[in-house]
file work_39.cif (mmCIF, C-alpha atoms)
data_protein
#
loop_
_atom_site.group_PDB
_atom_site.id
_atom_site.type_symbol
_atom_site.label_atom_id
_atom_site.label_comp_id
_atom_site.auth_asym_id
_atom_site.auth_seq_id
_atom_site.Cartn_x
_atom_site.Cartn_y
_atom_site.Cartn_z
ATOM 1 C CA MET A 22 -23.789 -57.693 -44.285
ATOM 2 C CA GLN A 23 -21.637 -55.845 -41.743
ATOM 3 C CA THR A 24 -23.012 -54.581 -38.453
ATOM 4 C CA THR A 25 -21.567 -51.486 -36.876
ATOM 5 C CA THR A 26 -21.805 -51.005 -33.149
ATOM 6 C CA ILE A 27 -21.679 -47.494 -31.821
ATOM 7 C CA ASN A 28 -20.659 -47.095 -28.207
ATOM 8 C CA CYS A 29 -21.919 -43.894 -26.713
ATOM 9 C CA GLU A 30 -20.461 -42.522 -23.535
ATOM 10 C CA GLU A 31 -22.915 -41.914 -20.779
ATOM 11 C CA ARG A 32 -22.784 -38.322 -19.759
ATOM 12 C CA THR A 33 -23.550 -37.202 -16.274
ATOM 13 C CA TYR A 34 -24.768 -33.713 -15.617
ATOM 14 C CA ASP A 35 -24.290 -31.852 -12.385
ATOM 15 C CA ARG A 36 -27.727 -31.031 -11.049
ATOM 16 C CA ASN A 37 -26.535 -29.141 -7.983
ATOM 17 C CA PRO A 38 -28.209 -25.712 -8.362
ATOM 18 C CA LYS A 39 -26.010 -23.978 -5.762
ATOM 19 C CA ARG A 40 -22.838 -25.089 -7.528
ATOM 20 C CA THR A 41 -24.245 -24.123 -10.922
ATOM 21 C CA PHE A 42 -25.244 -20.705 -9.557
ATOM 22 C CA ARG A 43 -21.768 -20.120 -8.070
ATOM 23 C CA GLU A 44 -20.101 -21.115 -11.334
ATOM 24 C CA GLY A 45 -22.449 -18.769 -13.185
ATOM 25 C CA ASP A 46 -21.493 -15.916 -10.853
ATOM 26 C CA TYR A 47 -17.811 -16.634 -11.356
ATOM 27 C CA GLU A 48 -18.151 -16.740 -15.135
ATOM 28 C CA PHE A 49 -20.256 -13.572 -15.165
ATOM 29 C CA ALA A 50 -17.671 -11.671 -13.105
ATOM 30 C CA ARG A 51 -14.773 -12.914 -15.242
ATOM 31 C CA THR A 52 -16.500 -12.010 -18.509
ATOM 32 C CA ARG A 53 -17.515 -8.595 -17.243
ATOM 33 C CA LEU A 54 -13.966 -7.725 -16.236
ATOM 34 C CA ARG A 55 -12.567 -8.829 -19.577
ATOM 35 C CA ARG A 56 -15.047 -6.632 -21.402
ATOM 36 C CA LYS A 57 -14.404 -3.720 -19.087
ATOM 37 C CA THR A 58 -10.617 -3.771 -19.026
ATOM 38 C CA GLY A 59 -9.815 -5.721 -22.149
ATOM 39 C CA HIS A 60 -7.276 -7.967 -20.422
ATOM 40 C CA ARG A 61 -7.067 -11.045 -18.254
ATOM 41 C CA LEU A 62 -6.762 -11.006 -14.537
ATOM 42 C CA GLU A 63 -3.359 -12.005 -13.274
ATOM 43 C CA ARG A 64 -3.026 -11.376 -9.554
ATOM 44 C CA GLY A 65 -4.930 -13.598 -7.122
ATOM 45 C CA TYR A 66 -5.928 -10.877 -4.662
ATOM 46 C CA ASP A 67 -7.181 -8.594 -7.426
ATOM 47 C CA ILE A 68 -9.183 -11.454 -8.884
ATOM 48 C CA ALA A 69 -10.834 -12.260 -5.568
ATOM 49 C CA LYS A 70 -11.532 -8.587 -4.826
ATOM 50 C CA HIS A 71 -13.077 -8.022 -8.228
ATOM 51 C CA PHE A 72 -15.252 -11.139 -8.074
ATOM 52 C CA ALA A 73 -16.470 -10.262 -4.584
ATOM 53 C CA LYS A 74 -17.596 -6.825 -5.807
ATOM 54 C CA VAL A 75 -19.366 -8.078 -8.900
ATOM 55 C CA ILE A 76 -21.081 -10.993 -7.164
ATOM 56 C CA ALA A 77 -22.179 -8.820 -4.233
ATOM 57 C CA ALA A 78 -23.672 -6.311 -6.651
ATOM 58 C CA ARG A 79 -25.640 -9.089 -8.357
ATOM 59 C CA ARG A 80 -27.127 -10.456 -5.155
ATOM 60 C CA ARG A 81 -30.377 -9.169 -3.798
ATOM 61 C CA HIS A 82 -30.460 -7.278 -0.579
ATOM 62 C CA GLY A 83 -30.723 -9.893 2.185
ATOM 63 C CA GLU A 84 -33.177 -7.948 4.331
ATOM 64 C CA LEU A 85 -35.660 -7.564 1.496
ATOM 65 C CA ALA A 86 -35.464 -11.248 0.685
ATOM 66 C CA VAL A 87 -36.090 -12.237 4.326
ATOM 67 C CA GLU A 88 -38.994 -9.822 4.639
ATOM 68 C CA HIS A 89 -40.549 -11.041 1.390
ATOM 69 C CA LEU A 90 -40.156 -14.689 2.421
ATOM 70 C CA PHE A 91 -41.576 -13.936 5.874
ATOM 71 C CA HIS A 92 -44.725 -12.292 4.497
ATOM 72 C CA LYS A 93 -45.147 -15.072 1.953
ATOM 73 C CA CYS A 94 -44.934 -17.709 4.723
ATOM 74 C CA VAL A 95 -47.353 -15.758 6.949
ATOM 75 C CA ALA A 96 -49.937 -15.517 4.171
ATOM 76 C CA ARG A 97 -49.577 -19.183 3.309
ATOM 77 C CA TRP A 98 -49.758 -20.230 6.993
ATOM 78 C CA LYS A 99 -52.949 -18.232 7.501
ATOM 79 C CA ASP A 100 -54.490 -19.695 4.330
ATOM 80 C CA GLU A 101 -53.613 -23.256 5.276
ATOM 81 C CA THR A 102 -54.469 -23.103 8.978
ATOM 82 C CA GLY A 103 -57.198 -20.475 9.314
ATOM 83 C CA HIS A 104 -59.884 -23.154 9.441
ATOM 84 C CA LEU A 105 -58.125 -25.350 12.014
ATOM 85 C CA SER A 106 -59.246 -25.487 15.620
ATOM 86 C CA SER A 107 -56.076 -27.293 16.727
ATOM 87 C CA ILE A 108 -53.239 -24.947 17.637
ATOM 88 C CA THR A 109 -50.867 -27.914 17.590
ATOM 89 C CA ARG A 110 -51.659 -28.587 13.931
ATOM 90 C CA ALA A 111 -51.338 -24.880 13.133
ATOM 91 C CA ILE A 112 -47.890 -24.501 14.693
ATOM 92 C CA THR A 113 -46.575 -27.651 13.059
ATOM 93 C CA ASN A 114 -47.494 -26.353 9.606
ATOM 94 C CA PRO A 115 -44.432 -26.151 7.294
ATOM 95 C CA SER A 116 -44.854 -22.393 6.713
ATOM 96 C CA TYR A 117 -44.863 -21.743 10.472
ATOM 97 C CA LEU A 118 -41.778 -23.907 10.871
ATOM 98 C CA ARG A 119 -40.034 -21.999 8.057
ATOM 99 C CA ILE A 120 -40.650 -18.774 9.952
ATOM 100 C CA ILE A 121 -39.072 -20.303 13.050
ATOM 101 C CA GLY A 122 -36.184 -21.453 10.852
ATOM 102 C CA MET A 123 -35.476 -17.841 9.825
ATOM 103 C CA GLY A 124 -34.205 -17.332 13.349
ATOM 104 C CA LYS A 125 -33.375 -13.964 14.869
ATOM 105 C CA GLU A 126 -33.756 -12.202 11.514
ATOM 106 C CA ALA A 127 -37.503 -12.811 11.771
ATOM 107 C CA LEU A 128 -37.898 -11.391 15.298
ATOM 108 C CA PRO A 129 -38.678 -7.768 14.322
ATOM 109 C CA LEU A 130 -41.073 -8.992 11.649
ATOM 110 C CA LEU A 131 -42.800 -11.394 14.052
ATOM 111 C CA LEU A 132 -43.183 -8.732 16.721
ATOM 112 C CA LYS A 133 -44.595 -6.255 14.195
ATOM 113 C CA GLU A 134 -47.033 -8.904 12.969
ATOM 114 C CA LEU A 135 -48.012 -9.632 16.579
ATOM 115 C CA GLN A 136 -48.629 -5.918 17.217
ATOM 116 C CA GLU A 137 -50.705 -5.353 14.099
ATOM 117 C CA ARG A 138 -52.538 -8.670 13.814
ATOM 118 C CA PRO A 139 -52.245 -10.736 17.025
ATOM 119 C CA ASP A 140 -52.156 -14.435 16.252
ATOM 120 C CA HIS A 141 -50.465 -17.567 17.572
ATOM 121 C CA TRP A 142 -46.883 -16.318 17.162
ATOM 122 C CA LEU A 143 -45.958 -16.900 20.798
ATOM 123 C CA VAL A 144 -44.601 -20.400 20.162
ATOM 124 C CA ALA A 145 -42.426 -19.134 17.305
ATOM 125 C CA LEU A 146 -41.084 -16.279 19.442
ATOM 126 C CA ASN A 147 -40.313 -18.691 22.267
ATOM 127 C CA ALA A 148 -38.633 -21.152 19.898
ATOM 128 C CA ILE A 149 -36.415 -18.461 18.367
ATOM 129 C CA THR A 150 -35.432 -16.635 21.560
ATOM 130 C CA GLY A 151 -35.576 -19.399 24.153
ATOM 131 C CA GLU A 152 -37.368 -16.924 26.430
ATOM 132 C CA ASP A 153 -40.933 -16.478 27.641
ATOM 133 C CA PRO A 154 -41.625 -13.014 29.079
ATOM 134 C CA ALA A 155 -45.310 -13.737 29.691
ATOM 135 C CA PRO A 156 -46.152 -14.385 33.343
ATOM 136 C CA GLU A 157 -47.358 -17.870 34.195
ATOM 137 C CA GLY A 158 -51.111 -18.190 33.875
ATOM 138 C CA ALA A 159 -51.372 -15.172 31.551
ATOM 139 C CA ASN A 160 -54.156 -15.096 28.986
ATOM 140 C CA PHE A 161 -53.500 -14.496 25.273
ATOM 141 C CA ARG A 162 -53.756 -10.680 25.442
ATOM 142 C CA GLU A 163 -51.439 -10.482 28.445
ATOM 143 C CA ALA A 164 -48.899 -12.739 26.725
ATOM 144 C CA VAL A 165 -49.024 -10.620 23.557
ATOM 145 C CA ALA A 166 -48.525 -7.447 25.609
ATOM 146 C CA ALA A 167 -45.576 -9.052 27.438
ATOM 147 C CA TRP A 168 -43.882 -10.040 24.144
ATOM 148 C CA ILE A 169 -44.377 -6.565 22.680
ATOM 149 C CA LYS A 170 -42.924 -4.996 25.831
ATOM 150 C CA TRP A 171 -40.013 -7.473 25.589
ATOM 151 C CA GLY A 172 -39.392 -6.455 21.955
ATOM 152 C CA GLU A 173 -39.567 -2.741 22.726
ATOM 153 C CA ALA A 174 -37.046 -3.176 25.548
ATOM 154 C CA ARG A 175 -34.640 -4.735 23.035
ATOM 155 C CA LYS A 176 -35.507 -2.181 20.321
ATOM 156 C CA LEU A 177 -36.887 -4.868 17.980
ATOM 157 C CA CYS A 178 -40.246 -3.183 17.407
#
call {"tool": "encode", "arguments": {"input": "work_39.cif", "output": "structure tokens"}}
result
Amino acid sequence: MQTTTINCEERTYDRNPKRTFREGDYEFARTRLRRKTGHRLERGYDIAKHFAKVIAARRRHGELAVEHLFHKCVARWKDETGHLSSITRAITNPSYLRIIGMGKEALPLLLKELQERPDHWLVALNAITGEDPAPEGANFREAVAAWIKWGEARKLC
């Protein structure tokens, strides 16, 4: 009786989602141009220009994505920390830290949130800006008023 051994190659798959997404964008743009014009791209600059247009059109508007993410993080932060009595635990919550990580893009949204529903956003504002407009010894309401005045002076709210 003969025994046959089959050697199979191990395949590795790229699990990098950013790379896969970029390659998908590139392929989408290339296919769309071929369908549209019926020919292949030949000049490097024209290729880059075309791909930039198509990929930019496919992307979401950045401001809307930041605003959506901000409101999602705010809601989650309030759900997860509303019952806490420790401000330290509340401001070290991952959703709060994500808001800080948004940087200066989140400033207008934070100031608007502070105006409409005052909460413990002072640490996030200080972390993002590196400033503290509230006078020393100010209570919470005074600090909120100082931050809103600061934002209005810079046309952020």
call {"tool": "resolve_selection", "arguments": {"input": "work_39.cif", "expression": "the PyMOL selection byres ((chain A and resi 160-164) around 12)", "output": "CSV table (one decimal) with C-alpha atoms, keeping the file's coordinate frame"}}
result
chain,number,residue,atom,x,y,z
A,135,LEU,CA,-48.0,-9.6,16.6
A,136,GLN,CA,-48.6,-5.9,17.2
A,138,ARG,CA,-52.5,-8.7,13.8
A,139,PRO,CA,-52.2,-10.7,17.0
A,140,ASP,CA,-52.2,-14.4,16.3
A,141,HIS,CA,-50.5,-17.6,17.6
A,142,TRP,CA,-46.9,-16.3,17.2
A,143,LEU,CA,-46.0,-16.9,20.8
A,144,VAL,CA,-44.6,-20.4,20.2
A,146,LEU,CA,-41.1,-16.3,19.4
A,147,ASN,CA,-40.3,-18.7,22.3
A,153,ASP,CA,-40.9,-16.5,27.6
A,154,PRO,CA,-41.6,-13.0,29.1
A,155,ALA,CA,-45.3,-13.7,29.7
A,156,PRO,CA,-46.2,-14.4,33.3
A,157,GLU,CA,-47.4,-17.9,34.2
A,158,GLY,CA,-51.1,-18.2,33.9
A,159,ALA,CA,-51.4,-15.2,31.6
A,165,VAL,CA,-49.0,-10.6,23.6
A,166,ALA,CA,-48.5,-7.4,25.6
A,167,ALA,CA,-45.6,-9.1,27.4
A,168,TRP,CA,-43.9,-10.0,24.1
A,169,ILE,CA,-44.4,-6.6,22.7
A,170,LYS,CA,-42.9,-5.0,25.8
A,171,TRP,CA,-40.0,-7.5,25.6
call {"tool": "atom_distance", "arguments": {"input": "work_39.cif", "atom1": "atom CA of A:Glu152", "atom2": "atom CA of A:Ser106"}}
result
25.9 Å
call {"tool": "atom_distance", "arguments": {"input": "work_39.cif", "atom1": "atom CA of A:Ala174", "atom2": "atom CA of A:Ile121"}}
result
21.3 Å
call {"tool": "resolve_selection", "arguments": {"input": "work_39.cif", "expression": "the PyMOL selection byres ((chain A and resi 92) around 12)", "output": "PyMOL selection string"}}
result
chain A and resi 85-91+93-99+116-117+119-120+127+130-131+133-134
call {"tool": "atom_distance", "arguments": {"input": "work_39.cif", "atom1": "atom CA of A:Pro115", "atom2": "atom CA of A:Ala145"}}
result
12.4 Å
call {"tool": "axis_aligned_box", "arguments": {"input": "work_39.cif", "around": "stretch 136-140 of chain A", "padding_each_side": "8 Å", "output": "JSON"}}
result
{"center_x": -50.6, "center_y": -9.9, "center_z": 15.5, "size_x": 19.9, "size_y": 25.1, "size_z": 19.4}
call {"tool": "closest_residue", "arguments": {"input": "work_39.cif", "among": "A:Glu137, A:Met123, A:Leu132, A:Ala148", "to": "A:Leu177", "atoms": "all atoms listed in the file"}}
result
A:Leu132
